[in-house]
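Structure file query.cif (mmCIF, C-alpha atoms and all ligand atoms) follows.
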```cif
data_work
loop_
_atom_site.group_PDB
_atom_site.id
_atom_site.type_symbol
_atom_site.label_atom_id
_atom_site.label_comp_id
_atom_site.auth_asym_id
_atom_site.auth_seq_id
_atom_site.Cartn_x
_atom_site.Cartn_y
_atom_site.Cartn_z
ATOM 1 C CA MET L 1 -0.869 -107.520 -61.189
ATOM 2 C CA ARG L 2 -3.292 -106.866 -63.993
ATOM 3 C CA ILE L 3 -4.970 -103.478 -64.299
ATOM 4 C CA VAL L 4 -8.457 -103.375 -65.787
ATOM 5 C CA THR L 5 -10.200 -100.103 -66.603
ATOM 6 C CA SER L 6 -13.149 -101.238 -68.724
ATOM 7 C CA ALA L 7 -16.341 -102.532 -67.109
ATOM 8 C CA ALA L 8 -16.952 -104.976 -69.968
ATOM 9 C CA ALA L 9 -13.407 -106.377 -69.698
ATOM 10 C CA MET L 10 -13.797 -106.769 -65.928
ATOM 11 C CA GLN L 11 -17.044 -108.707 -66.293
ATOM 12 C CA CYS L 12 -15.587 -110.834 -69.089
ATOM 13 C CA LEU L 13 -12.666 -111.855 -66.861
ATOM 14 C CA ALA L 14 -15.016 -112.543 -63.955
ATOM 15 C CA LEU L 15 -17.230 -114.776 -66.106
ATOM 16 C CA ARG L 16 -14.155 -116.732 -67.162
ATOM 17 C CA TRP L 17 -13.147 -117.242 -63.512
ATOM 18 C CA ARG L 18 -16.658 -118.394 -62.743
ATOM 19 C CA ARG L 19 -16.598 -120.946 -65.606
ATOM 20 C CA THR L 20 -13.290 -122.364 -64.370
ATOM 21 C CA GLY L 21 -14.455 -122.524 -60.743
ATOM 22 C CA THR L 22 -11.831 -120.019 -59.540
ATOM 23 C CA ARG L 23 -12.670 -118.415 -56.205
ATOM 24 C CA VAL L 24 -12.736 -114.620 -56.250
ATOM 25 C CA GLY L 25 -12.236 -112.309 -53.258
ATOM 26 C CA PHE L 26 -13.067 -108.630 -53.673
ATOM 27 C CA VAL L 27 -12.080 -105.458 -51.797
ATOM 28 C CA PRO L 28 -13.859 -102.300 -52.996
ATOM 29 C CA THR L 29 -12.142 -99.014 -52.072
ATOM 30 C CA MET L 30 -11.947 -95.345 -52.983
ATOM 31 C CA GLY L 31 -8.153 -95.451 -53.017
ATOM 32 C CA TYR L 32 -5.510 -93.398 -51.215
ATOM 33 C CA LEU L 33 -4.778 -96.703 -49.573
ATOM 34 C CA HIS L 34 -3.586 -97.263 -46.020
ATOM 35 C CA ASP L 35 -2.882 -100.329 -43.887
ATOM 36 C CA GLY L 36 -6.601 -100.663 -43.081
ATOM 37 C CA HIS L 37 -7.372 -101.254 -46.759
ATOM 38 C CA LEU L 38 -4.394 -103.593 -47.108
ATOM 39 C CA SER L 39 -5.578 -105.667 -44.145
ATOM 40 C CA LEU L 40 -8.773 -106.297 -46.136
ATOM 41 C CA VAL L 41 -6.672 -107.477 -49.092
ATOM 42 C CA SER L 42 -4.803 -109.945 -46.830
ATOM 43 C CA ARG L 43 -8.092 -111.173 -45.456
ATOM 44 C CA ALA L 44 -9.438 -111.675 -48.982
ATOM 45 C CA ARG L 45 -6.312 -113.673 -49.876
ATOM 46 C CA ARG L 46 -6.722 -115.910 -46.821
ATOM 47 C CA LEU L 47 -10.357 -116.476 -47.753
ATOM 48 C CA VAL L 48 -9.759 -117.503 -51.389
ATOM 49 C CA GLY L 49 -6.379 -119.190 -50.958
ATOM 50 C CA LYS L 50 -3.315 -119.182 -53.189
ATOM 51 C CA ARG L 51 -5.212 -120.442 -56.215
ATOM 52 C CA GLY L 52 -7.972 -117.891 -55.849
ATOM 53 C CA ILE L 53 -8.063 -114.406 -57.343
ATOM 54 C CA VAL L 54 -8.008 -111.213 -55.288
ATOM 55 C CA VAL L 55 -9.574 -108.187 -56.954
ATOM 56 C CA ALA L 56 -9.370 -104.696 -55.493
ATOM 57 C CA SER L 57 -11.167 -101.719 -56.975
ATOM 58 C CA ILE L 58 -10.354 -98.054 -56.661
ATOM 59 C CA TYR L 59 -13.206 -95.799 -57.622
ATOM 60 C CA VAL L 60 -14.190 -92.487 -56.051
ATOM 61 C CA ASN L 61 -17.912 -92.870 -56.605
ATOM 62 C CA PRO L 62 -19.560 -89.541 -57.429
ATOM 63 C CA THR L 63 -23.090 -90.699 -56.558
ATOM 64 C CA GLN L 64 -22.251 -91.110 -52.869
ATOM 65 C CA PHE L 65 -21.033 -87.518 -52.506
ATOM 66 C CA ALA L 66 -23.486 -84.628 -52.116
ATOM 67 C CA PRO L 67 -22.731 -81.543 -54.232
ATOM 68 C CA THR L 68 -21.441 -79.795 -51.088
ATOM 69 C CA GLU L 69 -19.022 -82.604 -50.196
ATOM 70 C CA ASP L 70 -15.363 -83.301 -50.919
ATOM 71 C CA LEU L 71 -15.577 -85.317 -54.186
ATOM 72 C CA SER L 72 -13.056 -83.281 -56.192
ATOM 73 C CA ALA L 73 -10.782 -82.803 -53.165
ATOM 74 C CA TYR L 74 -10.888 -86.484 -52.187
ATOM 75 C CA PRO L 75 -7.224 -87.551 -51.861
ATOM 76 C CA ARG L 76 -5.805 -89.536 -54.768
ATOM 77 C CA ASP L 77 -2.391 -91.076 -55.453
ATOM 78 C CA LEU L 78 -2.839 -93.777 -58.034
ATOM 79 C CA ASP L 79 0.841 -94.587 -58.561
ATOM 80 C CA ARG L 80 1.351 -95.198 -54.879
ATOM 81 C CA ASP L 81 -1.892 -97.203 -54.656
ATOM 82 C CA LYS L 82 -0.843 -99.424 -57.553
ATOM 83 C CA ALA L 83 2.511 -100.154 -55.893
ATOM 84 C CA LEU L 84 0.788 -100.936 -52.574
ATOM 85 C CA CYS L 85 -1.698 -103.278 -54.252
ATOM 86 C CA ARG L 86 1.053 -105.075 -56.134
ATOM 87 C CA LYS L 87 3.010 -105.550 -52.902
ATOM 88 C CA ALA L 88 -0.072 -106.719 -51.010
ATOM 89 C CA GLY L 89 -0.698 -109.463 -53.573
ATOM 90 C CA VAL L 90 -3.690 -108.069 -55.465
ATOM 91 C CA ASP L 91 -4.132 -110.036 -58.710
ATOM 92 C CA VAL L 92 -6.434 -107.629 -60.517
ATOM 93 C CA LEU L 93 -6.864 -103.937 -59.810
ATOM 94 C CA PHE L 94 -10.095 -102.565 -61.256
ATOM 95 C CA LEU L 95 -9.874 -98.829 -61.981
ATOM 96 C CA PRO L 96 -13.029 -97.772 -63.799
ATOM 97 C CA SER L 97 -13.698 -94.189 -64.938
ATOM 98 C CA ASP L 98 -17.003 -92.378 -64.386
ATOM 99 C CA THR L 99 -18.025 -93.036 -68.003
ATOM 100 C CA GLU L 100 -17.416 -96.761 -67.511
ATOM 101 C CA MET L 101 -19.467 -96.863 -64.306
ATOM 102 C CA TYR L 102 -22.235 -94.400 -65.184
ATOM 103 C CA PRO L 103 -22.372 -94.110 -68.967
ATOM 104 C CA GLY L 104 -24.410 -91.101 -70.056
ATOM 105 C CA ARG L 105 -25.077 -89.938 -66.500
ATOM 106 C CA ASP L 106 -24.252 -86.280 -67.147
ATOM 107 C CA ALA L 107 -26.705 -86.202 -70.046
ATOM 108 C CA GLY L 108 -29.457 -87.874 -67.997
ATOM 109 C CA GLY L 109 -28.854 -91.236 -69.622
ATOM 110 C CA TYR L 110 -28.291 -93.128 -66.380
ATOM 111 C CA SER L 111 -31.351 -93.677 -64.177
ATOM 112 C CA THR L 112 -31.168 -96.888 -62.120
ATOM 113 C CA TYR L 113 -30.254 -96.820 -58.426
ATOM 114 C CA VAL L 114 -30.328 -99.312 -55.573
ATOM 115 C CA VAL L 115 -31.954 -97.993 -52.396
ATOM 116 C CA GLU L 116 -31.967 -99.630 -48.960
ATOM 117 C CA GLU L 117 -34.859 -98.041 -47.113
ATOM 118 C CA LYS L 118 -34.433 -98.791 -43.433
ATOM 119 C CA LEU L 119 -30.905 -99.128 -42.070
ATOM 120 C CA SER L 120 -29.750 -96.175 -44.139
ATOM 121 C CA GLN L 121 -32.053 -93.638 -42.463
ATOM 122 C CA GLY L 122 -30.106 -92.742 -39.301
ATOM 123 C CA MET L 123 -26.543 -91.728 -38.440
ATOM 124 C CA GLU L 124 -24.547 -91.312 -41.677
ATOM 125 C CA GLY L 125 -27.803 -91.433 -43.644
ATOM 126 C CA GLY L 126 -29.280 -88.650 -41.505
ATOM 127 C CA ALA L 127 -26.210 -86.483 -41.912
ATOM 128 C CA ARG L 128 -25.694 -87.366 -45.596
ATOM 129 C CA PRO L 129 -29.155 -88.112 -47.076
ATOM 130 C CA THR L 130 -28.106 -89.365 -50.548
ATOM 131 C CA HIS L 131 -24.900 -91.079 -49.453
ATOM 132 C CA PHE L 132 -26.050 -94.675 -49.030
ATOM 133 C CA ARG L 133 -28.078 -94.671 -52.255
ATOM 134 C CA GLY L 134 -24.756 -94.011 -53.970
ATOM 135 C CA VAL L 135 -22.960 -96.685 -51.956
ATOM 136 C CA THR L 136 -25.521 -99.448 -52.538
ATOM 137 C CA THR L 137 -25.742 -98.561 -56.226
ATOM 138 C CA VAL L 138 -22.006 -98.600 -56.876
ATOM 139 C CA VAL L 139 -21.369 -101.718 -54.804
ATOM 140 C CA ALA L 140 -24.209 -103.581 -56.543
ATOM 141 C CA LYS L 141 -22.662 -102.598 -59.873
ATOM 142 C CA LEU L 142 -19.175 -103.638 -58.738
ATOM 143 C CA PHE L 143 -20.535 -106.997 -57.549
ATOM 144 C CA ASN L 144 -22.112 -107.511 -60.982
ATOM 145 C CA LEU L 145 -18.808 -106.715 -62.691
ATOM 146 C CA VAL L 146 -16.416 -108.637 -60.411
ATOM 147 C CA LEU L 147 -18.784 -111.525 -59.512
ATOM 148 C CA PRO L 148 -16.942 -112.240 -56.245
ATOM 149 C CA ASP L 149 -17.485 -115.283 -54.035
ATOM 150 C CA VAL L 150 -16.552 -113.187 -51.046
ATOM 151 C CA ALA L 151 -16.250 -109.433 -50.516
ATOM 152 C CA VAL L 152 -14.315 -107.974 -47.577
ATOM 153 C CA LEU L 153 -15.493 -104.749 -45.930
ATOM 154 C CA GLY L 154 -14.155 -102.784 -42.969
ATOM 155 C CA ALA L 155 -15.872 -102.476 -39.585
ATOM 156 C CA LYS L 156 -14.708 -98.827 -39.684
ATOM 157 C CA ASP L 157 -17.830 -98.116 -41.779
ATOM 158 C CA TRP L 158 -20.172 -100.155 -39.612
ATOM 159 C CA GLN L 159 -23.454 -98.788 -40.917
ATOM 160 C CA GLN L 160 -22.281 -99.202 -44.506
ATOM 161 C CA ALA L 161 -21.389 -102.853 -43.859
ATOM 162 C CA ALA L 162 -24.804 -103.494 -42.252
ATOM 163 C CA ILE L 163 -26.608 -101.889 -45.207
ATOM 164 C CA LEU L 164 -24.577 -103.849 -47.752
ATOM 165 C CA ARG L 165 -25.239 -107.067 -45.861
ATOM 166 C CA ARG L 166 -28.946 -106.305 -46.044
ATOM 167 C CA MET L 167 -28.669 -105.507 -49.766
ATOM 168 C CA VAL L 168 -26.863 -108.802 -50.439
ATOM 169 C CA ARG L 169 -29.581 -110.675 -48.595
ATOM 170 C CA ASP L 170 -32.559 -108.761 -49.982
ATOM 171 C CA LEU L 171 -31.375 -108.846 -53.601
ATOM 172 C CA ASN L 172 -29.952 -112.402 -53.497
ATOM 173 C CA PHE L 173 -26.386 -111.600 -54.469
ATOM 174 C CA PRO L 174 -24.623 -115.004 -54.556
ATOM 175 C CA LEU L 175 -21.683 -114.002 -52.367
ATOM 176 C CA LYS L 176 -20.526 -113.849 -48.789
ATOM 177 C CA LEU L 177 -19.689 -110.606 -47.005
ATOM 178 C CA VAL L 178 -16.901 -110.584 -44.438
ATOM 179 C CA VAL L 179 -16.404 -107.609 -42.128
ATOM 180 C CA ALA L 180 -12.819 -107.116 -40.913
ATOM 181 C CA PRO L 181 -11.737 -105.114 -37.843
ATOM 182 C CA THR L 182 -10.793 -101.424 -37.877
ATOM 183 C CA LEU L 183 -7.054 -100.739 -38.068
ATOM 184 C CA ARG L 184 -5.888 -97.854 -35.902
ATOM 185 C CA GLU L 185 -2.855 -95.623 -35.568
ATOM 186 C CA LYS L 186 -0.776 -96.067 -32.382
ATOM 187 C CA ASP L 187 -2.747 -93.353 -30.581
ATOM 188 C CA GLY L 188 -6.088 -94.983 -31.451
ATOM 189 C CA LEU L 189 -7.158 -92.809 -34.400
ATOM 190 C CA ALA L 190 -8.890 -95.057 -36.954
ATOM 191 C CA MET L 191 -6.939 -95.121 -40.208
ATOM 192 C CA SER L 192 -8.751 -93.193 -42.919
ATOM 193 C CA SER L 193 -7.881 -91.613 -46.240
ATOM 194 C CA ARG L 194 -9.437 -88.420 -44.876
ATOM 195 C CA ASN L 195 -6.823 -88.173 -42.081
ATOM 196 C CA LYS L 196 -4.591 -86.636 -44.738
ATOM 197 C CA TYR L 197 -6.662 -83.432 -44.578
ATOM 198 C CA LEU L 198 -5.716 -82.840 -40.917
ATOM 199 C CA SER L 199 -3.119 -80.243 -39.921
ATOM 200 C CA THR L 200 -0.608 -81.280 -37.243
ATOM 201 C CA GLU L 201 -2.697 -79.590 -34.554
ATOM 202 C CA GLU L 202 -5.935 -81.152 -35.847
ATOM 203 C CA ARG L 203 -4.288 -84.555 -36.092
ATOM 204 C CA SER L 204 -3.537 -84.525 -32.372
ATOM 205 C CA GLN L 205 -7.085 -83.401 -31.524
ATOM 206 C CA ALA L 206 -8.548 -86.099 -33.801
ATOM 207 C CA THR L 207 -7.831 -88.763 -31.172
ATOM 208 C CA ILE L 208 -10.922 -87.421 -29.396
ATOM 209 C CA LEU L 209 -13.112 -89.875 -31.355
ATOM 210 C CA TYR L 210 -11.184 -92.821 -29.957
ATOM 211 C CA ARG L 211 -11.115 -91.271 -26.501
ATOM 212 C CA ALA L 212 -14.905 -90.879 -26.626
ATOM 213 C CA LEU L 213 -15.294 -94.575 -27.499
ATOM 214 C CA LYS L 214 -12.938 -95.471 -24.659
ATOM 215 C CA LEU L 215 -14.803 -93.309 -22.159
ATOM 216 C CA ALA L 216 -18.131 -94.896 -23.127
ATOM 217 C CA LYS L 217 -16.598 -98.351 -22.703
ATOM 218 C CA GLU L 218 -15.210 -97.449 -19.282
ATOM 219 C CA VAL L 219 -18.565 -96.110 -18.100
ATOM 220 C CA VAL L 220 -20.420 -99.180 -19.340
ATOM 221 C CA LEU L 221 -17.900 -101.676 -17.979
ATOM 222 C CA SER L 222 -17.840 -100.032 -14.556
ATOM 223 C CA SER L 223 -21.600 -99.846 -14.042
ATOM 224 C CA ARG L 224 -23.913 -102.635 -12.987
ATOM 225 C CA ALA L 225 -27.123 -101.162 -14.343
ATOM 226 C CA PRO L 226 -27.670 -100.030 -17.938
ATOM 227 C CA ASN L 227 -26.783 -96.386 -18.603
ATOM 228 C CA TYR L 228 -29.169 -93.873 -20.085
ATOM 229 C CA ALA L 229 -28.077 -93.098 -23.636
ATOM 230 C CA ASP L 230 -29.023 -89.420 -23.236
ATOM 231 C CA VAL L 231 -26.872 -88.995 -20.134
ATOM 232 C CA LEU L 232 -23.917 -90.703 -21.780
ATOM 233 C CA LYS L 233 -24.335 -88.624 -24.929
ATOM 234 C CA LYS L 234 -24.103 -85.423 -22.859
ATOM 235 C CA GLU L 235 -20.949 -86.673 -21.159
ATOM 236 C CA LEU L 236 -19.375 -87.516 -24.520
ATOM 237 C CA ALA L 237 -20.402 -84.181 -26.036
ATOM 238 C CA ALA L 238 -18.655 -82.456 -23.123
ATOM 239 C CA LEU L 239 -15.505 -84.524 -23.673
ATOM 240 C CA ILE L 240 -15.468 -83.695 -27.378
ATOM 241 C CA ALA L 241 -16.016 -80.000 -26.638
ATOM 242 C CA THR L 242 -12.678 -79.946 -24.783
ATOM 243 C CA GLN L 243 -10.975 -79.968 -28.217
ATOM 244 C CA PRO L 244 -11.200 -76.549 -29.842
ATOM 245 C CA ALA L 245 -11.077 -77.913 -33.408
ATOM 246 C CA ALA L 246 -13.762 -80.551 -32.751
ATOM 247 C CA ARG L 247 -17.493 -80.231 -33.470
ATOM 248 C CA LEU L 248 -19.730 -83.202 -32.731
ATOM 249 C CA ASP L 249 -22.024 -84.136 -35.625
ATOM 250 C CA TYR L 250 -23.711 -87.092 -33.894
ATOM 251 C CA VAL L 251 -23.108 -89.824 -31.373
ATOM 252 C CA GLU L 252 -25.486 -92.774 -31.367
ATOM 253 C CA PHE L 253 -26.041 -95.964 -29.361
ATOM 254 C CA PHE L 254 -27.706 -98.821 -31.203
ATOM 255 C CA ASP L 255 -28.033 -102.534 -31.840
ATOM 256 C CA GLY L 256 -25.033 -103.603 -33.926
ATOM 257 C CA GLU L 257 -27.101 -105.702 -36.306
ATOM 258 C CA THR L 258 -30.422 -103.943 -36.707
ATOM 259 C CA LEU L 259 -28.883 -100.467 -36.155
ATOM 260 C CA GLN L 260 -31.971 -99.718 -34.057
ATOM 261 C CA PRO L 261 -31.133 -96.848 -31.631
ATOM 262 C CA THR L 262 -31.369 -97.727 -27.944
ATOM 263 C CA THR L 263 -32.066 -95.584 -24.886
ATOM 264 C CA SER L 264 -30.324 -97.967 -22.511
ATOM 265 C CA VAL L 265 -26.647 -98.695 -23.013
ATOM 266 C CA THR L 266 -24.987 -101.995 -22.047
ATOM 267 C CA ARG L 267 -21.916 -104.001 -23.095
ATOM 268 C CA ASP L 268 -23.834 -105.347 -26.077
ATOM 269 C CA THR L 269 -24.586 -101.872 -27.370
ATOM 270 C CA HIS L 270 -22.736 -100.474 -30.354
ATOM 271 C CA MET L 271 -21.652 -96.832 -30.447
ATOM 272 C CA ALA L 272 -20.879 -94.690 -33.493
ATOM 273 C CA LEU L 273 -19.946 -91.059 -33.802
ATOM 274 C CA ALA L 274 -19.106 -88.451 -36.407
ATOM 275 C CA VAL L 275 -17.014 -85.433 -35.491
ATOM 276 C CA PHE L 276 -15.764 -82.531 -37.558
ATOM 277 C CA ILE L 277 -12.119 -81.791 -36.813
ATOM 278 C CA GLY L 278 -11.768 -78.416 -38.442
ATOM 279 C CA LYS L 279 -13.360 -78.992 -41.859
ATOM 280 C CA THR L 280 -12.657 -82.730 -41.910
ATOM 281 C CA ARG L 281 -15.485 -85.042 -40.944
ATOM 282 C CA LEU L 282 -14.290 -88.240 -39.255
ATOM 283 C CA ILE L 283 -16.310 -91.277 -38.153
ATOM 284 C CA ASP L 284 -15.592 -94.155 -35.796
ATOM 285 C CA ASN L 285 -17.506 -96.881 -33.958
ATOM 286 C CA ALA L 286 -17.107 -99.809 -31.587
ATOM 287 C CA GLU L 287 -18.979 -102.331 -29.546
ATOM 288 C CA LEU L 288 -18.851 -101.323 -25.874
ATOM 289 C CA ARG L 289 -17.236 -104.453 -24.460
HETATM 290 P P1 LIG G 301 -12.874 -96.381 -48.432
HETATM 291 O O1 LIG G 301 -11.709 -96.358 -49.360
HETATM 292 O O2 LIG G 301 -12.775 -95.381 -47.323
HETATM 293 O O3 LIG G 301 -14.193 -96.353 -49.147
HETATM 294 O O4 LIG G 301 -12.818 -97.786 -47.696
HETATM 295 C C1 LIG G 301 -12.785 -98.993 -48.407
HETATM 296 C C2 LIG G 301 -12.963 -100.136 -47.452
HETATM 297 O O5 LIG G 301 -11.917 -100.105 -46.480
HETATM 298 C C3 LIG G 301 -14.284 -100.073 -46.679
HETATM 299 O O6 LIG G 301 -14.813 -101.386 -46.546
HETATM 300 C C4 LIG G 301 -13.857 -99.504 -45.348
HETATM 301 O O7 LIG G 301 -14.711 -99.867 -44.279
HETATM 302 C C5 LIG G 301 -12.483 -100.136 -45.186
HETATM 303 N N1 LIG G 301 -11.660 -99.366 -44.241
HETATM 304 C C6 LIG G 301 -11.484 -98.031 -44.209
HETATM 305 N N2 LIG G 301 -10.695 -97.681 -43.159
HETATM 306 C C7 LIG G 301 -10.390 -98.832 -42.511
HETATM 307 C C8 LIG G 301 -9.634 -99.131 -41.339
HETATM 308 N N3 LIG G 301 -9.036 -98.178 -40.619
HETATM 309 N N4 LIG G 301 -9.528 -100.429 -40.969
HETATM 310 C C9 LIG G 301 -10.147 -101.414 -41.689
HETATM 311 N N5 LIG G 301 -10.876 -101.187 -42.797
HETATM 312 C C10 LIG G 301 -10.997 -99.911 -43.206
#
```
How would this structure read if it were set down as structure tokens?
Amino acid sequence: MRIVTSAAAMQCLALRWRRTGTRVGFVPTMGYLHDGHLSLVSRARRLVGKRGIVVASIYVNPTQFAPTEDLSAYPRDLDRDKALCRKAGVDVLFLPSDTEMYPGRDAGGYSTYVVEEKLSQGMEGGARPTHFRGVTTVVAKLFNLVLPDVAVLGAKDWQQAAILRRMVRDLNFPLKLVVAPTLREKDGLAMSSRNKYLSTEERSQATILYRALKLAKEVVLSSRAPNYADVLKKELAALIATQPAARLDYVEFFDGETLQPTTSVTRDTHMALAVFIGKTRLIDNAELR
């Protein structure tokens, strides 16, 4: 496995692959890898084949964190991540520094951002107003450096995947986006680097996100008529309130593609929620079928 830290070197390699017609699959991450991330690497390998190149990146992108958020505390373990990537069959691990990604930013010398204006308004965008501007900007930059044929994203971050799909379409990035399913722990908790923050007691209460998704599914599957979103939201808020460490940030019902909120909930509806467990903010989502 080759490790690349310079943006120029990454782009140089990518241009060479392009000239030789080598297919490139790309998995962008913020590191502290778990099986969810590694499932994206396997998917990328299947998509590009044995002769293709799989690139993973680890970069904790400062522009997607608000000043009040957990940028400096974000979990990191680069040695472990490198070993996991090697074992998972990553060919090139791209590990840029902040100065490689945003040269001159601290001195005001970086001033170009990519902004998606519609899908990024609600849910995570409502709770974290500058978050998606950071995500679209860094992913656009990574796409320009890695020049992938296909990039693999997780359904765990459903809104993010929808926004990036829109960005790829709107800005004509010549690549395909694939969204792979959410990997879960045995008790249903979606795997996440942030799960590391949870104490033992919080970890057991954190299953409430999955239980809320399950309850919504049960209600929808057992009713003939559509359910009122407001009624269901109240029911879910009450369920979440049964866990002393849990504080609901939002729960939303919406169209899985347009992300348009809906007042009437059916099997085709998508649900997403964000819940603080102690100080840790967790998100999850699912289609209700
Ligand atoms: P992150 O490192 O959290 O920025 O995530 C990097 C990529 O991994 C994103 O495309 C996420 O959606 C995806 N991902 C995170 N958690 C999971 C999971 N439990 N299952 C599948 N993909 C995931």
Fill in: Output of the PyMOL selection byres (((chain L and resi 158) around 9) and not hetatm), listed as a count of residues only
15
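Closest approach to ligand LIG 301 (chain G) among L:Glu202, L:Glu185, L:Asp98, L:Asp149 is made by L:Glu185 (distances from all atoms listed in the file).
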Item to complete: Taking only C-alpha atoms and all ligand atoms into account, report as number ranges by chain which residues have an atom no farther than 8 Å from an atom of ligand LIG 301 (chain G).
Response: L: 27-37, 39-40, 58, 60, 152-158, 160-161, 179-184, 190-193
Write the residues of the preceding selection, restricted to C-alpha atoms, as a short mmCIF file (atom, residue, chain, number, x, y, z; two decimals), in the frame of the given file.
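In the end it all went to result-v1.cif:
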```cif
data_model
loop_
_atom_site.label_atom_id
_atom_site.label_comp_id
_atom_site.auth_asym_id
_atom_site.auth_seq_id
_atom_site.Cartn_x
_atom_site.Cartn_y
_atom_site.Cartn_z
CA VAL L 27 -12.08 -105.46 -51.80
CA PRO L 28 -13.86 -102.30 -53.00
CA THR L 29 -12.14 -99.01 -52.07
CA MET L 30 -11.95 -95.34 -52.98
CA GLY L 31 -8.15 -95.45 -53.02
CA TYR L 32 -5.51 -93.40 -51.22
CA LEU L 33 -4.78 -96.70 -49.57
CA HIS L 34 -3.59 -97.26 -46.02
CA ASP L 35 -2.88 -100.33 -43.89
CA GLY L 36 -6.60 -100.66 -43.08
CA HIS L 37 -7.37 -101.25 -46.76
CA SER L 39 -5.58 -105.67 -44.14
CA LEU L 40 -8.77 -106.30 -46.14
CA ILE L 58 -10.35 -98.05 -56.66
CA VAL L 60 -14.19 -92.49 -56.05
CA VAL L 152 -14.32 -107.97 -47.58
CA LEU L 153 -15.49 -104.75 -45.93
CA GLY L 154 -14.16 -102.78 -42.97
CA ALA L 155 -15.87 -102.48 -39.58
CA LYS L 156 -14.71 -98.83 -39.68
CA ASP L 157 -17.83 -98.12 -41.78
CA TRP L 158 -20.17 -100.16 -39.61
CA GLN L 160 -22.28 -99.20 -44.51
CA ALA L 161 -21.39 -102.85 -43.86
CA VAL L 179 -16.40 -107.61 -42.13
CA ALA L 180 -12.82 -107.12 -40.91
CA PRO L 181 -11.74 -105.11 -37.84
CA THR L 182 -10.79 -101.42 -37.88
CA LEU L 183 -7.05 -100.74 -38.07
CA ARG L 184 -5.89 -97.85 -35.90
CA ALA L 190 -8.89 -95.06 -36.95
CA MET L 191 -6.94 -95.12 -40.21
CA SER L 192 -8.75 -93.19 -42.92
CA SER L 193 -7.88 -91.61 -46.24
#
```
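On the file presented, the PyMOL selection byres (((chain L and resi 260-268) around 7) and not hetatm) picks out L:Val220, L:Leu221, L:Pro226, L:Asn227, L:Tyr228, L:Ala229, L:Glu252, L:Phe253, L:Phe254, L:Asp255, L:Thr258, L:Leu259, L:Thr269, L:His270, L:Glu287, L:Leu288, L:Arg289.
Distances from L:Leu38, L:Met167, L:Met10, L:Thr112 to Phe132 (chain L) were compared using all atoms listed in the file, and the smallest one belongs to L:Met167.
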Fill in: Hits from the PyMOL selection byres (((chain L and resi 133) around 9) and not hetatm), listed as JSON, numbers by chain
{"L": [63, 64, 113, 114, 115, 116, 120, 129, 130, 131, 132, 134, 135, 136, 137, 138]}
How would the residues just chosen look if you wrote them out with C-alpha atoms as a PDB file, keeping the file's coordinate frame?
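Wrote it out as selection-v5.pdb, contents follow:
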```
ATOM      1  CA  THR L  63     -23.090 -90.699 -56.558  1.00  0.00           C
ATOM      2  CA  GLN L  64     -22.251 -91.110 -52.869  1.00  0.00           C
ATOM      3  CA  TYR L 113     -30.254 -96.820 -58.426  1.00  0.00           C
ATOM      4  CA  VAL L 114     -30.328 -99.312 -55.573  1.00  0.00           C
ATOM      5  CA  VAL L 115     -31.954 -97.993 -52.396  1.00  0.00           C
ATOM      6  CA  GLU L 116     -31.967 -99.630 -48.960  1.00  0.00           C
ATOM      7  CA  SER L 120     -29.750 -96.175 -44.139  1.00  0.00           C
ATOM      8  CA  PRO L 129     -29.155 -88.112 -47.076  1.00  0.00           C
ATOM      9  CA  THR L 130     -28.106 -89.365 -50.548  1.00  0.00           C
ATOM     10  CA  HIS L 131     -24.900 -91.079 -49.453  1.00  0.00           C
ATOM     11  CA  PHE L 132     -26.050 -94.675 -49.030  1.00  0.00           C
ATOM     12  CA  GLY L 134     -24.756 -94.011 -53.970  1.00  0.00           C
ATOM     13  CA  VAL L 135     -22.960 -96.685 -51.956  1.00  0.00           C
ATOM     14  CA  THR L 136     -25.521 -99.448 -52.538  1.00  0.00           C
ATOM     15  CA  THR L 137     -25.742 -98.561 -56.226  1.00  0.00           C
ATOM     16  CA  VAL L 138     -22.006 -98.600 -56.876  1.00  0.00           C
TER      17      VAL L 138
END
```
Discussion item. What's around region 49-51 of chain L at 12 Å? Count only C-alpha atoms, leave out sequence neighbours fewer than 3 positions away in its own chain, and write the answer as a list in words.
Written reply: Trp17, Thr20, Gly21, Thr22, Arg23, Val24, Gly25, Val41, Ser42, Arg43, Ala44, Arg45, Arg46, Val54, Gly89, Val90, Asp91 and Val150 of chain L
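Interatomic distance, CA of Ala127 (chain L) against CA of Glu218 (chain L): 27.4 Å.
For Lys87 (chain L), the residues within 10 Å (counting all atoms listed in the file, excluding itself and residues fewer than 4 positions away along the chain) are L:Met1, L:Leu38, L:Asp81, L:Lys82, L:Ala83.
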Produce the centre coordinates and the three edge lengths, each in Å to one decimal, of the box along x, y and z that contains all listed atoms of region 34-48 of chain L with 4 Å added on each side, as AutoDock Vina command-line options.
```
--center_x -6.6 --center_y -107.4 --center_z -47.2 --size_x 15.5 --size_y 28.2 --size_z 16.3
```
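For the atom pair formed by CA of Phe65 (chain L) and CA of Ile283 (chain L), the distance is 15.6 Å, given to one decimal.
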Item to complete: Write out as JSON, numbers by chain each polymer residue whose atoms come within 8 Å of Tyr250 (chain L), counting all atoms listed in the file; drop sequence neighbours fewer than 6 positions from it.
Response: {"L": [123, 273, 274, 275]}
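Considering only C-alpha atoms, the residue among L:Arg203, L:Arg224, L:Arg105, L:Arg166 positioned nearest to Gln243 (chain L) is L:Arg203.
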